[in-house]
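A.B. asks: One structure coming up, written as structure tokens, with questions to follow.
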Number of protein chains: 2
Amino acid sequence: MPLSGFRILDLTRIISGPFCTMLLGDLGADVIKAEIPEGDPLRLQGAGREGLSWYFASFNRNKRSITLDLKSPEGRERFEALVRSSDALVENFRPGVLDRLGYDEARLQELRPGLITCAISGFGPDGPYRNRPAFDFIAQAMSGFMSVNGEKDGPPLRSGLPISDLVAGLYGALGVTAALLGREKSGKPERVDVSLTSSMVSLLAYIASHYFATGEVLPRSGNDHPISSPYGLFKARDGDIAIAPSDDTFFGRLMDALGLSELKAEPDFANNVLRVKHRVRLNALVTAKLAEHDCAHWIEVLNQAGVPCGPVYGVDGVFADPQVLSQDMAIDVPHPGHGTVRMLGFPIRMSGSPCRVRYPAPRLGEHNGEIFAEIEPAVAEQG
Amino acid sequence: MPLSGFRILDLTRIISGPFCTMLLGDLGADVIKAEIPEGDPLRLQGAGREGLSWYFASFNRNKRSITLDLKSPEGRERFEALVRSSDALVENFRPGVLDRLGYDEARLQELRPGLITCAISGFGPDGPYRNRPAFDFIAQAMSGFMSVNGEKDGPPLRSGLPISDLVAGLYGALGVTAALLGREKSGKPERVDVSLTSSMVSLLAYIASHYFATGEVLPRSGNDHPISSPYGLFKARDGDIAIAPSDDTFFGRLMDALGLSELKAEPDFANNVLRVKHRVRLNALVTAKLAEHDCAHWIEVLNQAGVPCGPVYGVDGVFADPQVLSQDMAIDVPHPGHGTVRMLGFPIRMSGSPCRVRYPAPRLGEHNGEIFAEIEPAVAEQG
């Protein structure tokens with residue numbers, strides 16, 4: 001596997017960090033999850049069965065767990081021995097916490113020259129808010145994400161997903177992997193910093209470029225695309241369909257497929273600018289047609305005609321969909337003592353060495369024995 | 001830089017693919033953007049100045065542009081010479097398009113043994129919907145993302161950002177980088193597939209694990225957290241504040257900071273379950289207090305007390321915020337002939353070899369001369 005042979009010492013907890021190290025583990029890295037003696041708080045959160053949090057299980061596959069108390073001499077000796085054998089260390093403490101424990105960048109490099117370190121924080125390692133407590137919701141609010149999420153006349157809305165935690169974790173995994181690749185040639189260490197807030201800001205795309213170019217703040221537009229029509233959710237007989245024709249060609253296909261070819265010749269709908277202007281009337285005409293049949297019918301017909309469209313799935317619909325299932329986006333993982341746990345699959349498909357579950361999520365300290373035995377000689381040598 | 005010395009042949013257009021290759025270029029790769037003679041359609045989209053789309057400029061920095069017509073003999077010769085000199089090829093055609101042009105995986109490996117290929121598609125390279133036209137909005141709808149985005153009593157909502165394009169691009173960059181790292185040891189090629197839909201499904205986090213464990217579909221909850229209270233947007237005298245205390249400790253800090261310490265002892269608010277039950281009354285008490293001062297006051301006071309909170313920024317607020325600016329999330333890039341273009345910065349901060357703009361976004365075919373000259377001997381040899 002691509003990251004086979006690389007050891008990641010993982011001090012992270014909750015979501016953003018564990019998602020980062022899960023991605024690295026899925027790609028083959030040897031991830032050692034070092035937990036405080038009480039364990040990652042996520043072990044106690046979310047729905048589960050028979051004492052196992054399925055939320056925890058799904059974010060901590062492909063990791064081995066040890067418990068370490070960084071305030072005890074024994075814990076520190078073991079930690080240092082592990083650093084000596086690791087390629088990268090990932091943490092999502094608040095900035096400065098690891099330093100205060102005596103492990104600043106200089107000390108870590110002393111222990112393991114060339115170590116890649118990655119810190120995931122709310123706002124970044126420096127700047128005026130570096131010490132503020134952070135949280136996914138706050139990053140969603142302060143990054144501008146919420147300002148363009150929501151209905152036209154409604155309030156700014158957070159996403160139901162912890163999107164800033166996840167995107168920051170993803171950037172962290174990319175940063176660590178790139179740094180490992182760079183080190184193959186340079187031999188040099190690298191400190192990688194990602195923050196929840198910067199990660200979300202980096203996704204502002206045309207919202208940012210429009211603002212930078214014109215000084216204008218684009219408003220929230222709900223499901224309407226501010227500069228494309230027809231576009232959005234439309235009601236068929238039994239539910240909503242998302243339809244997104246992006247230009248005149250797709251508009252023509254949509255009209256033909258709906259049996260509304262005559263509208264292609266209407267001056268009001270001759271181009272996208274006019275269609276945005278006459279959005280209300282056009283949407284009414286489209287909706288009237290869609291009401292004649294069920295979603296399934298229209299999705300078939302419109303896709304045949306080459307119009308991008310699809311149903312709006314709840315999570316139950318997602319995991320009943322044949323395409324989602326064909327991409328193995330739900331997988332069943334045997335968890336000894338807890339039966340089989342269903343969890344999300346691997347969004348990166350590799351042909352040669354596919355991501356797979358090598359270990360289910362570990363019990364707290366499950367690998368203390370094997371990992372401490374492995375580092376015992378190093379600990380003895382130090383002591 | 002971490003990816004220095006790796007050449008990426010980039011056949012992508014619009015957003016997801018160009019975002020992927022921009023991330024690789026930001027990390028140091030030599031990205032050659034091969035465009036059809038008409039150019040990437042994004043060149044003509046979004047706001048701009050003096051004939052330059054700032055949207056295009058912000059997604060195509062750190063790339064060199066050539067024009068290639070894969071249907072002409074000359075274009076094919078040049079393409080093949082470029083494949084021979086590349087480490088990876090990234091494309092976001094619809095599945096099968098590159099095959100039909102005569103460049104299936106086998107042919108590409110023949111040209112360049114060990115080539116990493118990455119395909120970004122709407123639904124994946126196989127499965128029943130592989131040939132459907134895809135679009136960010138459709139992936140948002142079909143992945144379940146929209147089902148948990150929106151107000152409690154409102155419709156499912158898309159995000160204003162092209163979030164599935166961006167997340168798929170990010171997974172693509174991680175996949176390519178991991179494959180390059182794996183190849184350093186194995187020498188073996190890898191085909192990397194990512195899809196807009198699977199990428200978004202992979203972010204369902206606790207929404208998915210809750211459904212898998214219980215069969216229950218969590219509802220949309222707007223800005224309220226389904227299992228945490230108080231939590232959400234609250235009105236201060238002059239605007240909204242996002243407040244997210246996550247447990248009893250943070251709740252206590254919030255009450256103390258608001259001057260509502262007496263509520264900590266109220267039986268109705270004794271734990272999170274009770275606070276969720278009595279959310280309406282608790283929110284009213286919090287809001288009444290917040291109305292006494294402006295946002296800036298409360299954000300200062302609450303952060304001092306260690307309560308995660310922040311303002312809800314529009315894009316103008318984001319780029320006026322001292323923390324965002326301290327993280328260099330807006331950068332100014334000189335574009336010869338077009339003045340200085342402001343664009344988003346780099347969410348991955350590397351200490352040793354920071355991401356930087358080595359080239360501004362190229363003019364269409366700007367590097368035809370230098371790149372064709374470089375591959376001329378190879379083309380001549382083939383011919």
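Letters for chains follow the order of the structure tokens (A, B, ...), residue numbers begin at 1 for each chain, and ligand numbers begin at 1 in the order shown.
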Name the residues in contact with segment 130-141 of chain A at a cut-off of 7 Å, using only C-alpha atoms, excluding same-chain residues fewer than 5 positions from it; report them as number ranges by chain.
C.D. replies: A: 95, 122-125, 146, 158, 162, 164-165, 196-197; B: 242, 244, 303, 306-313
A.B. asks: What does the file look like for those residues with N, CA and C atoms, as a PDB file, in the first residue's frame?
C.D. replies:
ATOM      1  N   PRO A  95      -2.843  25.123  20.284  1.00  0.00           N
ATOM      2  CA  PRO A  95      -1.442  25.509  20.083  1.00  0.00           C
ATOM      3  C   PRO A  95      -0.716  25.727  21.415  1.00  0.00           C
ATOM      4  N   GLY A 122      -7.740  25.185  15.535  1.00  0.00           N
ATOM      5  CA  GLY A 122      -8.932  25.922  15.121  1.00  0.00           C
ATOM      6  C   GLY A 122      -8.612  27.111  14.244  1.00  0.00           C
ATOM      7  N   PHE A 123      -7.561  27.850  14.615  1.00  0.00           N
ATOM      8  CA  PHE A 123      -7.280  29.114  13.938  1.00  0.00           C
ATOM      9  C   PHE A 123      -5.864  29.222  13.398  1.00  0.00           C
ATOM     10  N   GLY A 124      -4.999  28.232  13.688  1.00  0.00           N
ATOM     11  CA  GLY A 124      -3.609  28.336  13.267  1.00  0.00           C
ATOM     12  C   GLY A 124      -2.711  28.470  14.483  1.00  0.00           C
ATOM     13  N   PRO A 125      -1.397  28.267  14.289  1.00  0.00           N
ATOM     14  CA  PRO A 125      -0.471  28.233  15.419  1.00  0.00           C
ATOM     15  C   PRO A 125      -0.061  29.621  15.902  1.00  0.00           C
ATOM     16  N   MET A 146     -20.989  29.748   6.303  1.00  0.00           N
ATOM     17  CA  MET A 146     -22.397  29.880   6.664  1.00  0.00           C
ATOM     18  C   MET A 146     -23.075  31.032   5.932  1.00  0.00           C
ATOM     19  N   ARG A 158     -25.297  26.747   9.420  1.00  0.00           N
ATOM     20  CA  ARG A 158     -24.207  25.781   9.460  1.00  0.00           C
ATOM     21  C   ARG A 158     -24.623  24.549   8.667  1.00  0.00           C
ATOM     22  N   PRO A 162     -19.916  18.008  10.295  1.00  0.00           N
ATOM     23  CA  PRO A 162     -18.804  18.785  10.884  1.00  0.00           C
ATOM     24  C   PRO A 162     -17.766  19.067   9.805  1.00  0.00           C
ATOM     25  N   SER A 164     -15.901  21.522   8.712  1.00  0.00           N
ATOM     26  CA  SER A 164     -14.573  22.137   8.856  1.00  0.00           C
ATOM     27  C   SER A 164     -13.599  21.158   9.518  1.00  0.00           C
ATOM     28  N   ASP A 165     -14.090  20.343  10.454  1.00  0.00           N
ATOM     29  CA  ASP A 165     -13.242  19.285  11.020  1.00  0.00           C
ATOM     30  C   ASP A 165     -12.751  18.346   9.914  1.00  0.00           C
ATOM     31  N   LEU A 196      -8.864  24.680  11.071  1.00  0.00           N
ATOM     32  CA  LEU A 196     -10.252  24.518  10.636  1.00  0.00           C
ATOM     33  C   LEU A 196     -10.710  25.742   9.844  1.00  0.00           C
ATOM     34  N   THR A 197     -10.340  26.927  10.340  1.00  0.00           N
ATOM     35  CA  THR A 197     -10.841  28.149   9.713  1.00  0.00           C
ATOM     36  C   THR A 197     -10.208  28.369   8.335  1.00  0.00           C
TER      37      THR A 197
ATOM     38  N   ALA B 242     -22.114  33.032  16.915  1.00  0.00           N
ATOM     39  CA  ALA B 242     -22.172  31.570  16.995  1.00  0.00           C
ATOM     40  C   ALA B 242     -21.557  31.161  18.324  1.00  0.00           C
ATOM     41  N   ALA B 244     -20.846  27.723  20.838  1.00  0.00           N
ATOM     42  CA  ALA B 244     -20.864  26.266  20.818  1.00  0.00           C
ATOM     43  C   ALA B 244     -20.179  25.684  22.043  1.00  0.00           C
ATOM     44  N   ASN B 303     -14.608  34.481  24.825  1.00  0.00           N
ATOM     45  CA  ASN B 303     -13.333  33.827  24.535  1.00  0.00           C
ATOM     46  C   ASN B 303     -12.405  33.874  25.741  1.00  0.00           C
ATOM     47  N   GLY B 306     -13.104  31.150  27.802  1.00  0.00           N
ATOM     48  CA  GLY B 306     -12.851  29.828  27.226  1.00  0.00           C
ATOM     49  C   GLY B 306     -14.076  29.183  26.595  1.00  0.00           C
ATOM     50  N   VAL B 307     -15.036  30.002  26.167  1.00  0.00           N
ATOM     51  CA  VAL B 307     -16.225  29.461  25.485  1.00  0.00           C
ATOM     52  C   VAL B 307     -16.045  29.627  23.975  1.00  0.00           C
ATOM     53  N   PRO B 308     -16.106  28.532  23.218  1.00  0.00           N
ATOM     54  CA  PRO B 308     -15.972  28.667  21.764  1.00  0.00           C
ATOM     55  C   PRO B 308     -17.103  29.533  21.208  1.00  0.00           C
ATOM     56  N   CYS B 309     -16.743  30.610  20.517  1.00  0.00           N
ATOM     57  CA  CYS B 309     -17.752  31.504  19.945  1.00  0.00           C
ATOM     58  C   CYS B 309     -17.096  32.350  18.872  1.00  0.00           C
ATOM     59  N   GLY B 310     -17.890  32.967  18.039  1.00  0.00           N
ATOM     60  CA  GLY B 310     -17.331  33.837  17.013  1.00  0.00           C
ATOM     61  C   GLY B 310     -18.429  34.508  16.226  1.00  0.00           C
ATOM     62  N   PRO B 311     -18.049  35.530  15.449  1.00  0.00           N
ATOM     63  CA  PRO B 311     -19.026  36.216  14.614  1.00  0.00           C
ATOM     64  C   PRO B 311     -19.361  35.369  13.383  1.00  0.00           C
ATOM     65  N   VAL B 312     -20.484  35.674  12.756  1.00  0.00           N
ATOM     66  CA  VAL B 312     -20.835  35.029  11.487  1.00  0.00           C
ATOM     67  C   VAL B 312     -20.448  35.984  10.380  1.00  0.00           C
ATOM     68  N   TYR B 313     -19.358  35.661   9.709  1.00  0.00           N
ATOM     69  CA  TYR B 313     -18.833  36.593   8.717  1.00  0.00           C
ATOM     70  C   TYR B 313     -19.418  36.371   7.329  1.00  0.00           C
TER      71      TYR B 313
END
A.B. asks: Check segment 146-257 of chain A with DSSP on the backbone and list each residue it calls strand (DSSP E), as a ChimeraX atom specification.
C.D. replies: /A:190-195,232-236,239-243
A.B. asks: Take the residues from that selection and write them out as a PDB file, in the first residue's frame, keeping C-alpha atoms.
C.D. replies:
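Output file result-v7.pdb follows:
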ATOM      1  CA  GLU A 190       8.690  19.595   7.818  1.00  0.00           C
ATOM      2  CA  ARG A 191       6.158  21.045  10.184  1.00  0.00           C
ATOM      3  CA  VAL A 192       2.662  21.027   8.691  1.00  0.00           C
ATOM      4  CA  ASP A 193       0.004  23.339  10.133  1.00  0.00           C
ATOM      5  CA  VAL A 194      -3.624  23.294   9.103  1.00  0.00           C
ATOM      6  CA  SER A 195      -6.517  25.067  10.755  1.00  0.00           C
ATOM      7  CA  GLY A 232     -32.549  23.936  -8.410  1.00  0.00           C
ATOM      8  CA  LEU A 233     -34.996  21.594  -6.758  1.00  0.00           C
ATOM      9  CA  PHE A 234     -38.170  20.906  -8.675  1.00  0.00           C
ATOM     10  CA  LYS A 235     -41.215  18.959  -7.561  1.00  0.00           C
ATOM     11  CA  ALA A 236     -42.152  15.856  -9.493  1.00  0.00           C
ATOM     12  CA  GLY A 239     -40.824  14.210  -4.543  1.00  0.00           C
ATOM     13  CA  ASP A 240     -37.988  16.559  -5.364  1.00  0.00           C
ATOM     14  CA  ILE A 241     -35.509  16.341  -8.214  1.00  0.00           C
ATOM     15  CA  ALA A 242     -32.303  18.352  -8.397  1.00  0.00           C
ATOM     16  CA  ILE A 243     -31.792  19.618 -11.946  1.00  0.00           C
TER      17      ILE A 243
END
A.B. asks: Dump as a tab-separated table the rows for residues of segment 138-230 of chain B within 12 Å of segment 14-22 of chain A: closest atom pair and distance in Å with one decimal, only C-alpha atoms counted, ordered by chain and rising residue number.
C.D. replies:
residue	atom	partner	partner_atom	distance
B:Tyr171	CA	A:Cys20	CA	11.9
B:Leu174	CA	A:Cys20	CA	11.2
B:Ser202	CA	A:Phe19	CA	10.7
B:Leu203	CA	A:Phe19	CA	9.8
B:Ala205	CA	A:Ile15	CA	9.0
B:Tyr206	CA	A:Ile15	CA	10.1
A.B. asks: Quick one: residues within 9 Å of segment 325-342 of chain A, only C-alpha atoms counted, chain neighbours fewer than 6 positions away excluded, as a list in words?
C.D. replies: Arg49, Glu50, Gly51, Leu52, Trp54, Ala57, Ser58, Val318, Phe319, Arg349, Val357, Tyr359, Pro360 and Ala361 of chain A; Phe123, Gly124, Asp126, Gly127, Pro128, Ser198, Val201, Ser202, Ser209, Phe212 and Ala213 of chain B
A.B. asks: Keeping only N, CA and C atoms, write those residues as an mmCIF file, in the first residue's frame.
C.D. replies:
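Final output, saved to again.cif:
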data_model
loop_
_atom_site.group_PDB
_atom_site.id
_atom_site.type_symbol
_atom_site.label_atom_id
_atom_site.label_comp_id
_atom_site.auth_asym_id
_atom_site.auth_seq_id
_atom_site.Cartn_x
_atom_site.Cartn_y
_atom_site.Cartn_z
ATOM 1 N N ARG A 49 -23.614 0.150 19.606
ATOM 2 C CA ARG A 49 -24.245 -1.088 20.017
ATOM 3 C C ARG A 49 -23.297 -1.823 20.937
ATOM 4 N N GLU A 50 -23.858 -2.441 21.955
ATOM 5 C CA GLU A 50 -23.082 -3.268 22.875
ATOM 6 C C GLU A 50 -21.825 -2.557 23.375
ATOM 7 N N GLY A 51 -21.989 -1.311 23.748
ATOM 8 C CA GLY A 51 -20.868 -0.595 24.353
ATOM 9 C C GLY A 51 -19.825 -0.091 23.377
ATOM 10 N N LEU A 52 -20.058 -0.249 22.092
ATOM 11 C CA LEU A 52 -19.105 0.275 21.108
ATOM 12 C C LEU A 52 -19.753 1.437 20.363
ATOM 13 N N TRP A 54 -20.307 3.433 17.321
ATOM 14 C CA TRP A 54 -20.052 3.222 15.888
ATOM 15 C C TRP A 54 -19.442 4.458 15.256
ATOM 16 N N ALA A 57 -15.850 3.933 16.061
ATOM 17 C CA ALA A 57 -15.349 2.810 15.251
ATOM 18 C C ALA A 57 -15.073 3.245 13.812
ATOM 19 N N SER A 58 -15.937 4.125 13.287
ATOM 20 C CA SER A 58 -15.793 4.474 11.874
ATOM 21 C C SER A 58 -14.652 5.456 11.640
ATOM 22 N N VAL A 318 -29.355 7.248 0.368
ATOM 23 C CA VAL A 318 -27.956 7.171 -0.077
ATOM 24 C C VAL A 318 -27.488 5.714 -0.069
ATOM 25 N N PHE A 319 -27.750 5.028 1.073
ATOM 26 C CA PHE A 319 -27.185 3.690 1.215
ATOM 27 C C PHE A 319 -28.098 2.592 0.672
ATOM 28 N N ARG A 349 -10.166 5.450 -4.606
ATOM 29 C CA ARG A 349 -10.011 4.073 -5.089
ATOM 30 C C ARG A 349 -8.664 3.929 -5.776
ATOM 31 N N VAL A 357 -9.589 -2.360 5.231
ATOM 32 C CA VAL A 357 -9.519 -2.340 6.687
ATOM 33 C C VAL A 357 -8.572 -3.442 7.131
ATOM 34 N N TYR A 359 -7.174 -3.307 10.359
ATOM 35 C CA TYR A 359 -7.604 -3.481 11.748
ATOM 36 C C TYR A 359 -8.928 -2.769 11.972
ATOM 37 N N PRO A 360 -9.838 -3.370 12.731
ATOM 38 C CA PRO A 360 -10.990 -2.595 13.193
ATOM 39 C C PRO A 360 -10.509 -1.587 14.232
ATOM 40 N N ALA A 361 -11.369 -0.623 14.585
ATOM 41 C CA ALA A 361 -10.996 0.347 15.617
ATOM 42 C C ALA A 361 -10.612 -0.402 16.888
ATOM 43 N N PHE B 123 -19.659 10.084 -10.652
ATOM 44 C CA PHE B 123 -20.200 8.932 -9.930
ATOM 45 C C PHE B 123 -19.230 7.770 -9.789
ATOM 46 N N GLY B 124 -18.063 7.857 -10.415
ATOM 47 C CA GLY B 124 -17.123 6.739 -10.397
ATOM 48 C C GLY B 124 -16.994 6.154 -11.780
ATOM 49 N N ASP B 126 -17.298 3.085 -12.804
ATOM 50 C CA ASP B 126 -18.154 1.942 -13.110
ATOM 51 C C ASP B 126 -19.445 2.083 -12.309
ATOM 52 N N GLY B 127 -20.286 1.064 -12.369
ATOM 53 C CA GLY B 127 -21.575 1.169 -11.686
ATOM 54 C C GLY B 127 -22.634 1.704 -12.633
ATOM 55 N N PRO B 128 -23.899 1.578 -12.242
ATOM 56 C CA PRO B 128 -25.002 1.899 -13.172
ATOM 57 C C PRO B 128 -25.050 3.349 -13.650
ATOM 58 N N SER B 198 -19.028 9.965 -4.154
ATOM 59 C CA SER B 198 -18.380 9.219 -3.069
ATOM 60 C C SER B 198 -17.640 10.154 -2.112
ATOM 61 N N VAL B 201 -20.232 11.510 0.171
ATOM 62 C CA VAL B 201 -20.739 10.446 1.051
ATOM 63 C C VAL B 201 -19.732 10.190 2.180
ATOM 64 N N SER B 202 -18.451 10.257 1.862
ATOM 65 C CA SER B 202 -17.410 9.950 2.853
ATOM 66 C C SER B 202 -17.401 10.941 4.006
ATOM 67 N N SER B 209 -22.965 7.026 10.804
ATOM 68 C CA SER B 209 -22.793 6.015 11.857
ATOM 69 C C SER B 209 -24.064 5.885 12.689
ATOM 70 N N PHE B 212 -26.385 3.767 10.518
ATOM 71 C CA PHE B 212 -25.948 2.363 10.457
ATOM 72 C C PHE B 212 -26.212 1.646 11.789
ATOM 73 N N ALA B 213 -26.004 2.352 12.898
ATOM 74 C CA ALA B 213 -26.153 1.699 14.204
ATOM 75 C C ALA B 213 -27.615 1.531 14.613
#
A.B. asks: Using only C-alpha atoms for the distances, tell me which of B:Gly182, B:Gly102, B:Gly365, B:Gly28 is nearest to chain A.
C.D. replies: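 Among the listed residues, B:Gly182 lies closest to chain A.
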A.B. asks: How many Å separate atom CA of Phe6 of chain B from atom CA of Phe6 of chain A?
C.D. replies: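 These atoms are spaced 20.9 Å apart.
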A.B. asks: Once DSSP has gone over the backbone, tell me which residues of segment 101-148 of chain B are in helix (DSSP H, G or I), as a PDB file with N, CA and C atoms, in the first residue's frame.
C.D. replies:
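Just written: selection27.pdb:
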ATOM      1  N   GLU B 105      -5.845   2.790 -20.051  1.00  0.00           N
ATOM      2  CA  GLU B 105      -4.794   2.589 -19.055  1.00  0.00           C
ATOM      3  C   GLU B 105      -3.603   1.814 -19.643  1.00  0.00           C
ATOM      4  N   ALA B 106      -3.895   0.773 -20.440  1.00  0.00           N
ATOM      5  CA  ALA B 106      -2.819  -0.059 -20.997  1.00  0.00           C
ATOM      6  C   ALA B 106      -1.912   0.760 -21.918  1.00  0.00           C
ATOM      7  N   ARG B 107      -2.542   1.575 -22.765  1.00  0.00           N
ATOM      8  CA  ARG B 107      -1.758   2.386 -23.693  1.00  0.00           C
ATOM      9  C   ARG B 107      -0.916   3.425 -22.944  1.00  0.00           C
ATOM     10  N   LEU B 108      -1.499   4.019 -21.915  1.00  0.00           N
ATOM     11  CA  LEU B 108      -0.758   5.015 -21.134  1.00  0.00           C
ATOM     12  C   LEU B 108       0.439   4.369 -20.438  1.00  0.00           C
ATOM     13  N   GLN B 109       0.252   3.146 -19.931  1.00  0.00           N
ATOM     14  CA  GLN B 109       1.358   2.458 -19.255  1.00  0.00           C
ATOM     15  C   GLN B 109       2.431   2.042 -20.260  1.00  0.00           C
ATOM     16  N   GLU B 110       2.005   1.773 -21.491  1.00  0.00           N
ATOM     17  CA  GLU B 110       2.955   1.436 -22.545  1.00  0.00           C
ATOM     18  C   GLU B 110       3.839   2.654 -22.836  1.00  0.00           C
ATOM     19  N   LEU B 111       3.182   3.834 -22.886  1.00  0.00           N
ATOM     20  CA  LEU B 111       3.921   5.060 -23.161  1.00  0.00           C
ATOM     21  C   LEU B 111       4.853   5.407 -22.008  1.00  0.00           C
ATOM     22  N   ASP B 136     -21.783  19.358  -9.667  1.00  0.00           N
ATOM     23  CA  ASP B 136     -21.679  19.540  -8.220  1.00  0.00           C
ATOM     24  C   ASP B 136     -23.027  19.448  -7.500  1.00  0.00           C
ATOM     25  N   PHE B 137     -24.014  20.150  -8.004  1.00  0.00           N
ATOM     26  CA  PHE B 137     -25.322  20.206  -7.340  1.00  0.00           C
ATOM     27  C   PHE B 137     -25.951  18.808  -7.216  1.00  0.00           C
ATOM     28  N   ILE B 138     -25.780  18.003  -8.244  1.00  0.00           N
ATOM     29  CA  ILE B 138     -26.369  16.664  -8.230  1.00  0.00           C
ATOM     30  C   ILE B 138     -25.668  15.792  -7.179  1.00  0.00           C
ATOM     31  N   ALA B 139     -24.352  15.925  -7.087  1.00  0.00           N
ATOM     32  CA  ALA B 139     -23.620  15.168  -6.056  1.00  0.00           C
ATOM     33  C   ALA B 139     -24.024  15.629  -4.659  1.00  0.00           C
ATOM     34  N   GLN B 140     -24.272  16.926  -4.486  1.00  0.00           N
ATOM     35  CA  GLN B 140     -24.748  17.399  -3.183  1.00  0.00           C
ATOM     36  C   GLN B 140     -26.100  16.762  -2.840  1.00  0.00           C
ATOM     37  N   ALA B 141     -26.951  16.623  -3.861  1.00  0.00           N
ATOM     38  CA  ALA B 141     -28.294  16.070  -3.632  1.00  0.00           C
ATOM     39  C   ALA B 141     -28.251  14.570  -3.350  1.00  0.00           C
ATOM     40  N   MET B 142     -27.452  13.842  -4.129  1.00  0.00           N
ATOM     41  CA  MET B 142     -27.481  12.379  -4.058  1.00  0.00           C
ATOM     42  C   MET B 142     -26.584  11.800  -2.960  1.00  0.00           C
ATOM     43  N   MET B 146     -27.253  17.441   1.219  1.00  0.00           N
ATOM     44  CA  MET B 146     -28.353  18.406   1.283  1.00  0.00           C
ATOM     45  C   MET B 146     -29.403  18.017   2.317  1.00  0.00           C
ATOM     46  N   SER B 147     -29.545  16.720   2.540  1.00  0.00           N
ATOM     47  CA  SER B 147     -30.608  16.271   3.450  1.00  0.00           C
ATOM     48  C   SER B 147     -30.361  16.728   4.882  1.00  0.00           C
ATOM     49  N   VAL B 148     -29.116  17.002   5.235  1.00  0.00           N
ATOM     50  CA  VAL B 148     -28.827  17.488   6.593  1.00  0.00           C
ATOM     51  C   VAL B 148     -28.367  18.937   6.586  1.00  0.00           C
TER      52      VAL B 148
END
A.B. asks: So that I can check the surroundings of Ala270 of chain A, please list as a list in words every protein, DNA and RNA residue that reaches within 12 Å of it, counting only C-alpha atoms and ignoring chain neighbours fewer than 4 positions away.
C.D. replies: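 The residues satisfying every condition are Ser229, Asp247, Asp248, Thr249, Phe251, Gly252, Glu262, Leu263, Lys264, Ala265, Glu266, Leu274, Arg275, Val276, Lys277, His278 and Leu282 of chain A.
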A.B. asks: Go through A:Leu68, A:Val90, A:Leu181, A:Val273 one by one, measure the shortest atom-to-atom distance of each to chain B using only C-alpha atoms, and give the residue with the smallest value.
C.D. replies: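 Counting only C-alpha atoms, the residue closest to chain B is A:Leu181.
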A.B. asks: Using only C-alpha atoms, pick whichever of A:Leu11, A:Leu82, A:Leu204, A:Leu101 has the shortest atom-to-atom distance to chain B.
C.D. replies: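 Looking only at the distances to chain B, the closest residue turns out to be A:Leu204.
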